[in-house]
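The file start05.cif comes next; it holds mmCIF, C-alpha atoms.
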```
data_run
#
loop_
_atom_site.label_atom_id
_atom_site.label_comp_id
_atom_site.auth_asym_id
_atom_site.auth_seq_id
_atom_site.Cartn_x
_atom_site.Cartn_y
_atom_site.Cartn_z
CA MET A 195 0.00 0.00 0.00
CA ARG A 196 2.82 2.33 0.90
CA TYR A 197 4.40 1.87 -2.54
CA VAL A 198 1.10 2.57 -4.26
CA ILE A 199 0.71 5.83 -2.35
CA THR A 200 4.31 6.80 -3.16
CA ALA A 201 3.72 6.03 -6.86
CA LEU A 202 0.52 8.08 -6.90
CA ILE A 203 2.24 11.03 -5.24
CA SER A 204 5.15 10.81 -7.68
CA THR A 205 2.79 10.68 -10.66
CA GLY A 206 0.89 13.69 -9.30
CA LEU A 207 4.12 15.64 -8.83
CA LEU A 208 5.25 14.84 -12.37
CA PHE A 209 1.90 16.01 -13.74
CA ALA A 210 2.13 19.19 -11.67
CA GLN A 211 5.63 19.87 -12.98
CA GLY A 212 4.50 19.24 -16.56
CA ALA A 213 1.43 21.41 -16.01
CA GLY A 214 3.61 24.18 -14.62
CA HIS A 215 5.88 24.01 -17.65
CA ALA A 216 2.94 24.08 -20.05
CA ARG A 217 1.40 27.05 -18.24
CA ARG A 218 4.73 28.95 -18.40
CA VAL A 219 4.92 28.31 -22.17
CA ILE A 220 1.34 29.53 -22.65
CA ASP A 221 1.94 32.63 -20.51
CA ARG A 222 5.19 33.45 -22.31
CA THR A 223 3.55 33.00 -25.72
CA SER A 224 0.67 35.30 -24.75
CA SER A 225 3.15 37.90 -23.53
CA ASP A 226 5.21 37.64 -26.73
CA LEU A 227 2.06 38.05 -28.83
CA ARG A 228 1.13 41.20 -26.87
CA GLN A 229 4.62 42.61 -27.34
CA ALA A 230 4.54 41.88 -31.06
CA ALA A 231 1.12 43.53 -31.37
CA ASP A 232 2.44 46.58 -29.47
CA PHE A 233 5.37 46.83 -31.90
CA GLU A 234 2.93 46.89 -34.78
CA ARG A 235 0.65 49.55 -33.32
CA ARG A 236 -1.34 50.16 -36.48
CA HIS A 237 -2.33 46.57 -37.11
CA HIS A 238 -5.75 46.21 -38.60
CA GLY A 239 -7.71 43.84 -40.79
CA LYS A 240 -6.17 40.40 -41.14
CA GLU A 241 -3.10 41.26 -39.05
CA ALA A 242 -5.22 42.25 -36.06
CA GLU A 243 -7.44 39.21 -36.56
CA ARG A 244 -4.42 36.89 -36.45
CA TYR A 245 -3.29 38.34 -33.08
CA GLU A 246 -6.80 38.10 -31.66
CA ASN A 247 -7.25 34.51 -32.84
CA ALA A 248 -3.94 33.40 -31.37
CA GLN A 249 -4.66 35.04 -28.00
CA HIS A 250 -8.22 33.72 -27.94
CA HIS A 251 -7.30 30.11 -28.72
CA LEU A 252 -4.38 30.10 -26.28
CA SER A 253 -6.74 31.36 -23.61
CA GLU A 254 -9.35 28.70 -24.45
CA PHE A 255 -6.74 25.94 -24.25
CA ASP A 256 -5.38 27.31 -20.97
CA ARG A 257 -8.84 27.56 -19.41
CA GLU A 258 -9.51 23.87 -20.12
CA TYR A 259 -5.98 22.84 -19.17
CA VAL A 260 -6.30 24.44 -15.73
CA ARG A 261 -9.45 22.34 -15.23
CA GLY A 262 -7.43 19.20 -15.95
CA HIS A 263 -8.50 18.73 -19.58
CA PHE A 264 -5.80 18.70 -22.26
CA ASP A 265 -7.64 19.66 -25.44
CA LYS A 266 -5.22 18.78 -28.21
CA ASP A 267 -7.47 20.29 -30.90
CA LYS A 268 -7.52 23.67 -29.13
CA LEU A 269 -3.76 23.56 -28.70
CA ASP A 270 -3.31 22.69 -32.38
CA THR A 271 -5.55 25.61 -33.33
CA ALA A 272 -3.52 27.97 -31.11
CA ILE A 273 -0.27 26.69 -32.64
CA ASP A 274 -1.64 27.30 -36.14
CA ASP A 275 -2.72 30.81 -35.13
CA VAL A 276 0.71 31.71 -33.73
CA LYS A 277 2.30 30.26 -36.88
CA ASN A 278 0.05 32.53 -38.99
CA VAL A 279 1.20 35.57 -37.00
CA VAL A 280 4.86 34.62 -37.56
CA GLU A 281 4.38 33.97 -41.27
CA HIS A 282 2.09 36.85 -42.20
CA ASN A 283 2.38 39.77 -39.77
CA THR A 284 4.97 42.52 -39.71
CA LEU A 285 7.30 41.72 -36.80
CA ASP A 286 10.59 43.00 -35.52
CA PRO A 287 13.36 40.37 -35.66
CA GLN A 288 13.36 39.78 -31.89
CA GLY A 289 9.60 39.38 -31.81
CA ARG A 290 9.69 36.92 -34.69
CA ASP A 291 12.45 34.91 -32.99
CA ALA A 292 10.54 34.86 -29.69
CA LEU A 293 7.35 33.65 -31.36
CA ARG A 294 9.25 30.99 -33.31
CA GLN A 295 10.67 29.71 -30.02
CA ASP A 296 7.17 29.79 -28.54
CA LEU A 297 5.93 27.67 -31.45
CA GLU A 298 8.66 25.10 -30.79
CA ASP A 299 7.80 25.02 -27.10
CA LEU A 300 4.05 24.72 -27.73
CA ARG A 301 4.76 21.79 -30.05
CA LEU A 302 6.89 20.20 -27.33
CA VAL A 303 4.03 20.60 -24.84
CA ARG A 304 1.79 18.77 -27.30
CA ALA A 305 4.40 16.06 -27.93
CA ASP A 306 5.03 15.58 -24.20
CA HIS A 307 1.32 15.03 -23.65
CA ASP A 308 1.20 12.41 -26.42
CA ARG A 309 3.86 10.29 -24.65
#
```
Can you present the structure in this file as structure tokens?
Amino acid sequence: MRYVITALISTGLLFAQGAGHARRVIDRTSSDLRQAADFERRHHGKEAERYENAQHHLSEFDREYVRGHFDKDKLDTAIDDVKNVVEHNTLDPQGRDALRQDLEDLRLVRADHDR
């Protein structure tokens, strides 16, 4: 019984660590999107829509994730939205690099969950 309890605690701690990492990636990505949008102050039309979509879908994924539900489809949608910002919006080089790193990290969060 003691070993079962220890295993359950260890599993819970690993999930908590993974959840903490995923939340940090989501928070950092949201922050980087806000900074990129601030750089491009006059964004409108499709450019503004891409920022809004990325923020919205990240927030939707995070809301479910905090409740203990990993919604892969919502994460995939958020990843696609961030990718669209990187590929189609006007960004400063540092902002583009930060968002590319965020994309890599979001993909790793998804891959880690699939294991």
Assuming 8 Å of padding per side, give the centre and edge lengths of the axis-aligned box around every listed atom of stretch 214-230 of chain A, in Å to one decimal and as AutoDock Vina command-line options.
```
--center_x 3.3 --center_y 33.3 --center_z -22.8 --size_x 21.2 --size_y 34.6 --size_z 32.4
```
Name the residues captured by the PyMOL selection byres ((chain A and resi 237-243) around 10) when it is applied to the shown file; answer as a PDB file with C-alpha atoms, keeping the file's coordinate frame.
```
ATOM      1  CA  ALA A 231       1.120  43.530 -31.370  1.00  0.00           C
ATOM      2  CA  ASP A 232       2.440  46.580 -29.470  1.00  0.00           C
ATOM      3  CA  PHE A 233       5.370  46.830 -31.900  1.00  0.00           C
ATOM      4  CA  GLU A 234       2.930  46.890 -34.780  1.00  0.00           C
ATOM      5  CA  ARG A 235       0.650  49.550 -33.320  1.00  0.00           C
ATOM      6  CA  ARG A 236      -1.340  50.160 -36.480  1.00  0.00           C
ATOM      7  CA  ARG A 244      -4.420  36.890 -36.450  1.00  0.00           C
ATOM      8  CA  TYR A 245      -3.290  38.340 -33.080  1.00  0.00           C
ATOM      9  CA  GLU A 246      -6.800  38.100 -31.660  1.00  0.00           C
ATOM     10  CA  ASN A 247      -7.250  34.510 -32.840  1.00  0.00           C
ATOM     11  CA  ALA A 248      -3.940  33.400 -31.370  1.00  0.00           C
ATOM     12  CA  GLN A 249      -4.660  35.040 -28.000  1.00  0.00           C
ATOM     13  CA  ASP A 275      -2.720  30.810 -35.130  1.00  0.00           C
ATOM     14  CA  ASN A 278       0.050  32.530 -38.990  1.00  0.00           C
ATOM     15  CA  VAL A 279       1.200  35.570 -37.000  1.00  0.00           C
ATOM     16  CA  HIS A 282       2.090  36.850 -42.200  1.00  0.00           C
ATOM     17  CA  ASN A 283       2.380  39.770 -39.770  1.00  0.00           C
ATOM     18  CA  THR A 284       4.970  42.520 -39.710  1.00  0.00           C
TER      19      THR A 284
END
```
Give me the stretch 275-303 of chain A side of the contact with stretch 214-218 of chain A, cut-off 10 Å, one line per residue showing its nearest atom pair and distance in Å at one decimal, counting all atoms listed in the file, sorted by chain and residue number, as a Markdown table.
```
| residue | atom | partner | partner_atom | distance |
| --- | --- | --- | --- | --- |
| A:Asp299 | CA | A:Ala216 | CA | 8.6 |
| A:Leu300 | CA | A:Ala216 | CA | 7.8 |
| A:Leu302 | CA | A:Ala216 | CA | 9.1 |
| A:Val303 | CA | A:Ala216 | CA | 6.0 |
```
Worksheet entry | Atomic separation - atom CA of A:Arg290 relative to atom CA of A:Arg257, Å | 25.8 Å
Response to the item:
Of A:Pro287, A:Asp265, A:Val280, A:Leu293, the one sitting nearest A:Asp308 when using all atoms listed in the file is A:Asp265
Worksheet item: Expressed in Å to a single decimal, how great is the separation between atom CA of A:Ser253 and atom CA of A:Arg309?
Response: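 Rounded to one decimal, the two atoms are 23.6 Å apart.
Look at A:Lys277: the protein and nucleic acid residues within 8 Å of it, using all atoms listed in the file and passing over chain neighbours fewer than 4 places away, are Ile273, Glu281, Arg294 and Leu297 of chain A.
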Discussion item. Given all atoms listed in the file as the basis, pick out the residue of A:Glu254, A:Ala305, A:Val219, A:Asp226 nearest to A:Asp291.
Written reply: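 Among A:Glu254, A:Ala305, A:Val219, A:Asp226, it is A:Asp226 that comes nearest to A:Asp291.
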Worksheet item: Which residue, A:Ala230, A:Glu258, A:Arg304, A:Asp274, has the smallest gap to A:Gln288 when you use only C-alpha atoms?
Response: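 Smallest separation from A:Gln288 among the options: A:Ala230.
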Worksheet item: What is the atom CA of A:Thr271 to atom CA of A:Gly289 distance in Å?
Response: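 Atom CA of A:Thr271 sits 20.5 Å away from atom CA of A:Gly289.
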Restricted to N, CA, C and O atoms, what does stretch 275-289 of chain A look like when written out as a compact mmCIF listing (two decimals), in the first residue's frame?
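Result file follows (out_35.txt):
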```txt
# COMPACT_ATOMS: atom_id res chain seq x y z
N ASP A 275 -2.52 29.36 -35.18
CA ASP A 275 -2.72 30.81 -35.13
C ASP A 275 -1.41 31.55 -34.90
O ASP A 275 -1.15 32.57 -35.55
N VAL A 276 -0.59 31.06 -33.99
CA VAL A 276 0.71 31.71 -33.73
C VAL A 276 1.58 31.60 -34.98
O VAL A 276 2.25 32.56 -35.37
N LYS A 277 1.54 30.45 -35.63
CA LYS A 277 2.30 30.26 -36.88
C LYS A 277 1.85 31.28 -37.93
O LYS A 277 2.69 31.85 -38.64
N ASN A 278 0.55 31.54 -38.04
CA ASN A 278 0.05 32.53 -38.99
C ASN A 278 0.56 33.93 -38.67
O ASN A 278 0.87 34.70 -39.58
N VAL A 279 0.64 34.26 -37.38
CA VAL A 279 1.20 35.57 -37.00
C VAL A 279 2.65 35.66 -37.46
O VAL A 279 3.06 36.65 -38.07
N VAL A 280 3.43 34.62 -37.19
CA VAL A 280 4.86 34.62 -37.56
C VAL A 280 5.03 34.73 -39.07
O VAL A 280 5.89 35.47 -39.55
N GLU A 281 4.21 34.02 -39.81
CA GLU A 281 4.38 33.97 -41.27
C GLU A 281 3.80 35.17 -42.00
O GLU A 281 4.27 35.48 -43.10
N HIS A 282 2.80 35.85 -41.41
CA HIS A 282 2.09 36.85 -42.20
C HIS A 282 2.08 38.27 -41.62
O HIS A 282 1.71 39.20 -42.34
N ASN A 283 2.42 38.42 -40.36
CA ASN A 283 2.38 39.77 -39.77
C ASN A 283 3.75 40.43 -39.82
O ASN A 283 4.78 39.75 -39.89
N THR A 284 3.74 41.76 -39.78
CA THR A 284 4.97 42.52 -39.71
C THR A 284 5.50 42.45 -38.29
O THR A 284 4.81 42.84 -37.35
N LEU A 285 6.71 41.91 -38.13
CA LEU A 285 7.30 41.72 -36.80
C LEU A 285 8.74 42.22 -36.80
O LEU A 285 9.42 42.14 -37.82
N ASP A 286 9.17 42.70 -35.63
CA ASP A 286 10.59 43.00 -35.52
C ASP A 286 11.32 41.67 -35.37
O ASP A 286 10.73 40.66 -35.00
N PRO A 287 12.63 41.64 -35.70
CA PRO A 287 13.36 40.37 -35.66
C PRO A 287 13.31 39.66 -34.30
O PRO A 287 13.15 38.43 -34.25
N GLN A 288 13.41 40.41 -33.22
CA GLN A 288 13.36 39.78 -31.89
C GLN A 288 11.99 39.18 -31.61
O GLN A 288 11.89 38.10 -31.04
N GLY A 289 10.95 39.89 -32.00
CA GLY A 289 9.60 39.38 -31.81
C GLY A 289 9.35 38.11 -32.61
O GLY A 289 8.74 37.15 -32.12
```
